[in-house]
Amino acid sequence: MPHTGGMPDARAEFTAVYRQHLAAVSAYLARRVEREAVEDLAADVFAIAWRKRASVTAGEELPWLYRIASYQVANHRRRHTMRARALALFTAPDAAPAADTVFDGDPQLAQTWRMLTGSHREVLALVVLDGLAVAEAAVALGVTPNAASIRLHRAKKACAAALAEVESDAASARERSAAPAT
Amino acid sequence: MPHPLAKDLQLPRHRQGMNDASLDDVEPRLRRTASAPAAPELDAALVTGAPERRAPRLVRHGHAIRAASISMAAVAAVSVGALVIPGIVAPRAPLFAVGGGTNGPADSEAASAAQIGVWVDYRYLAGDTLATSGGSGNVYELTRQGTPHSVLSDIAAALGLPGAATTSQYSSNDYPSYVIGPEDGSAAMLSLSWSGAGDWWYSDPAAYPEPDCPNMTVTNEDGTDGSYQDCQIPTVPAARSQAPDAAEARERAAALFAATGLDVAEGDIRVTVDEWQTLASANLEVGGVVTALEWSVSWSPLGMISWASGHAVEVVERGAFDTVSPVEAVERLDDGRWFGAAGPGYGGGAVAFAASDAASDVAHGAQPGTGVDAVESPLRTPEGEPVLDSAPAVSDPDTPSSSDPAPLDPAPAPLPEPLPEPDPMPSPETVTVTLEHAEATLLMLWDVDGNAWLVPGYAFTQPDHGFWAAVVSLVEGVIQLPEPFDAATDATIEPMPADATP
């Protein structure tokens, strides 16, 4: 591949740093979009990362890649929504994994996940599913660590409350179905 | 007393009694249950080839539309301030509410009320005469066609502007813009924004006479003599004005508008004539409804086009959708996310106030095809007469209009004196407004990608307050609204709750 000027060093450095995150980015995307879209979106993520590489703090590359990926996931979902609905335009979709993708083995948890707001799902997914520390999640979300911590705390509470509601409804339904017919 | 977490959880209050044990259970259960995705193994060429790949736009759309709204409104505000173009500020103002989390019409009215020093909290009630049944209405997308260079060239040809299109110095990936001519105001220039409603703008500084700049002598503070140039653009006497009269302006404007994408009958073009310009404006009609998209052209007393503006979009129908009743829509007046921009007949608070004072706007009757009866225009003089009629009017540039303001010698405005803080601080006056009249119309909205749409809406009039408020009438679910702004979680600075120790 022809290189010119100072590019070789920059390219080599970029490759060395970012190549190790390929698997993590793939896993992040695979939780959020259909499998056949992962490679294209990952290519976009790394292309953007190359263009914006000067803006990342050393050591924060992975959560920063997640942040870029979250935008690509949101845009990808918007394009899909546009095809499915005449007008689903007035808000940006969140980049959290879909309930059917990650919680298909637990219908109650899947229902709980759908009840959460997009911002709560996003922070929970980054910390609980993608394994980021709160400070790293803050980078991925583009907020302060303090804000990420508060958001995570509220997300957990919201999730617990929603899960309690789902389980309560399920219990009520079981009682009704078990009651003898009169 | 509501549970302190009620707002955060967005759940019924009786469901919010969480204890620490249930909270601690959540995270392990999420981890336990989450299925590991079958992530494909990516080729390292994705990284090594990144420099060669064309990167897509990196944009957070929610933020982008907010920025777009602000920038477009800023441009509109400048345009209105400098040129008094009715209708341009109104379409953009509501987008602050959509993108910035303000309170829609309530804020708009508050801003209007602030102009006259009144702080008012409006509360809306549905009157008995409002219809209780909904219906349906068409949704239209405003799409840009062709390429920006070809569109710009076509508009330039219609204006007689030579030159090639280039990328504007203000262009960005998110908001590309193009220009023909210099951007420093030294000569005629045409610009095109290739986003949103495809706004284009033309101006020609040579359209006005060269300013007279006599040297004025002054005595400096140290007693020495000094001088400065007192530049003023000379007024062209009405008898020598070469600006077209109203009838000719309509004819010329209709031709220009048609060449730039707006087919409009001459009789539907509004014309005002004063000593500075002859201004012709018309709005795009869709399905018989006058929309907020406006084309304008102004001629200077030298007979040249001094500025013109319009949009490079085509209207694409996206289908009919159910609408709520006017009674149901009243509730939406308290939620700015439903607020949209109606046509010039529903000019919004600020425009309505200005028009009633300055007699600078045009009255409109009912809009055909909306399924509602004709109503009184919101822009009328206290006597109930339209300030200007939209039909062709006899306009003699030799005869000063009786509505022209008398010339006044400029006098230095008195400096405002500092006022003491009121004590106690005043509380807003609460005004309950019973809405008795609504008209079906089309409202312009911007989506998160910055594209413009026309959707069905209702314009409510407030007979005692002289302004209109317009909200989308589509039933829930047709369009996706932003989540309500939550200051507690969305603000940059967040208070640390006592129990939020990481």
# chains A, B, ... in the order shown; residues from 1 in each chain; ligands from 1

call {"tool": "residues_around", "arguments": {"residues": "Gly457 (chain B)", "least_positions_apart": "2", "cutoff": "6 Å", "atoms": "only C-alpha atoms", "output": "mmCIF file with N, CA and C atoms, in the first residue's frame"}}
result
data_model
loop_
_atom_site.group_PDB
_atom_site.id
_atom_site.type_symbol
_atom_site.label_atom_id
_atom_site.label_comp_id
_atom_site.auth_asym_id
_atom_site.auth_seq_id
_atom_site.Cartn_x
_atom_site.Cartn_y
_atom_site.Cartn_z
ATOM 1 N N ALA B 440 -58.372 23.813 10.504
ATOM 2 C CA ALA B 440 -57.462 22.775 10.018
ATOM 3 C C ALA B 440 -56.498 23.398 9.017
ATOM 4 N N THR B 441 -55.239 23.056 9.146
ATOM 5 C CA THR B 441 -54.239 23.609 8.243
ATOM 6 C C THR B 441 -53.067 22.627 8.141
ATOM 7 N N LEU B 442 -52.023 23.043 7.482
ATOM 8 C CA LEU B 442 -50.810 22.230 7.404
ATOM 9 C C LEU B 442 -49.695 22.931 8.171
ATOM 10 N N LEU B 443 -48.945 22.164 8.931
ATOM 11 C CA LEU B 443 -47.854 22.719 9.716
ATOM 12 C C LEU B 443 -46.524 22.168 9.215
ATOM 13 N N VAL B 471 -50.910 23.405 16.568
ATOM 14 C CA VAL B 471 -50.340 22.123 16.999
ATOM 15 C C VAL B 471 -50.693 21.040 15.987
ATOM 16 N N VAL B 472 -49.860 20.029 15.938
ATOM 17 C CA VAL B 472 -50.073 18.887 15.044
ATOM 18 C C VAL B 472 -51.344 18.151 15.458
ATOM 19 N N SER B 473 -52.124 17.714 14.477
ATOM 20 C CA SER B 473 -53.362 17.005 14.795
ATOM 21 C C SER B 473 -53.282 15.518 14.493
#

call {"tool": "residues_around", "arguments": {"residues": "Ala452 (chain B)", "least_positions_apart": "3", "cutoff": "7 Å", "atoms": "only C-alpha atoms", "output": "list in words"}}
result
Glu141, Leu142, Gly196, Ala197, Met444, Leu445, Trp446 and Asp447 of chain B

call {"tool": "write_last_selection", "arguments": {"atoms": "C-alpha atoms", "output": "compact mmCIF listing (two decimals), in the first residue's frame"}}
result
# COMPACT_ATOMS: atom_id res chain seq x y z
CA GLU B 141 -42.41 15.38 2.64
CA LEU B 142 -40.41 18.27 1.23
CA GLY B 196 -34.01 21.26 5.41
CA ALA B 197 -36.34 23.17 3.12
CA MET B 444 -44.21 22.57 8.80
CA LEU B 445 -41.94 20.48 11.00
CA TRP B 446 -38.33 19.41 10.79
CA ASP B 447 -37.36 15.84 11.50

call {"tool": "closest_residue", "arguments": {"among": "B:Gly345, B:Pro237, B:Pro176, B:Gly450", "to": "chain A", "atoms": "only C-alpha atoms"}}
result
B:Gly450

call {"tool": "closest_residue", "arguments": {"among": "A:Val128, A:His120, A:Ala170, A:Gln111", "to": "chain B", "atoms": "only C-alpha atoms"}}
result
A:Val128

call {"tool": "residues_around", "arguments": {"residues": "Ala254 (chain B)", "least_positions_apart": "6", "cutoff": "12 Å", "atoms": "only C-alpha atoms", "output": "ChimeraX atom specification"}}
result
/B:158,247-248,260-271,280-283,295-297

call {"tool": "residues_around", "arguments": {"residues": "Ala156 (chain B)", "least_positions_apart": "3", "cutoff": "10 Å", "atoms": "only C-alpha atoms", "output": "list in words"}}
result
Ser150, Val151, Leu152, Ser153, Leu159, Gly160, Leu161, Pro162, Gly163, Ala164, Ala165, Val179, Ile180, Met189, Leu190, Ser191, Tyr202 and Thr260 of chain B

call {"tool": "closest_residue", "arguments": {"among": "B:Arg53, B:Arg31, B:Arg240, B:Arg123", "to": "Leu333 (chain B)", "atoms": "only C-alpha atoms"}}
result
B:Arg123

call {"tool": "closest_residue", "arguments": {"among": "B:Trp276, B:Trp468, B:Tyr140, B:Tyr458", "to": "chain A", "atoms": "only C-alpha atoms"}}
result
B:Tyr140

call {"tool": "residues_around", "arguments": {"residues": "Asp204 (chain B)", "least_positions_apart": "5", "cutoff": "7 Å", "atoms": "only C-alpha atoms", "output": "MDAnalysis selection string"}}
result
chainID B and resid 187:189 306:307

call {"tool": "write_last_selection", "arguments": {"atoms": "N, CA and C atoms", "output": "mmCIF file, in the first residue's frame"}}
result
data_model
loop_
_atom_site.group_PDB
_atom_site.id
_atom_site.type_symbol
_atom_site.label_atom_id
_atom_site.label_comp_id
_atom_site.auth_asym_id
_atom_site.auth_seq_id
_atom_site.Cartn_x
_atom_site.Cartn_y
_atom_site.Cartn_z
ATOM 1 N N ALA B 187 -20.662 42.179 -3.898
ATOM 2 C CA ALA B 187 -21.388 42.093 -5.172
ATOM 3 C C ALA B 187 -22.550 41.123 -5.012
ATOM 4 N N ALA B 188 -23.308 40.980 -6.087
ATOM 5 C CA ALA B 188 -24.476 40.106 -6.026
ATOM 6 C C ALA B 188 -24.065 38.682 -5.667
ATOM 7 N N MET B 189 -24.888 38.039 -4.859
ATOM 8 C CA MET B 189 -24.557 36.711 -4.346
ATOM 9 C C MET B 189 -25.835 35.900 -4.209
ATOM 10 N N SER B 306 -33.168 43.689 -5.274
ATOM 11 C CA SER B 306 -32.219 43.897 -4.184
ATOM 12 C C SER B 306 -32.025 42.619 -3.380
ATOM 13 N N TRP B 307 -33.063 41.850 -3.227
ATOM 14 C CA TRP B 307 -32.923 40.544 -2.593
ATOM 15 C C TRP B 307 -34.089 39.669 -3.000
#
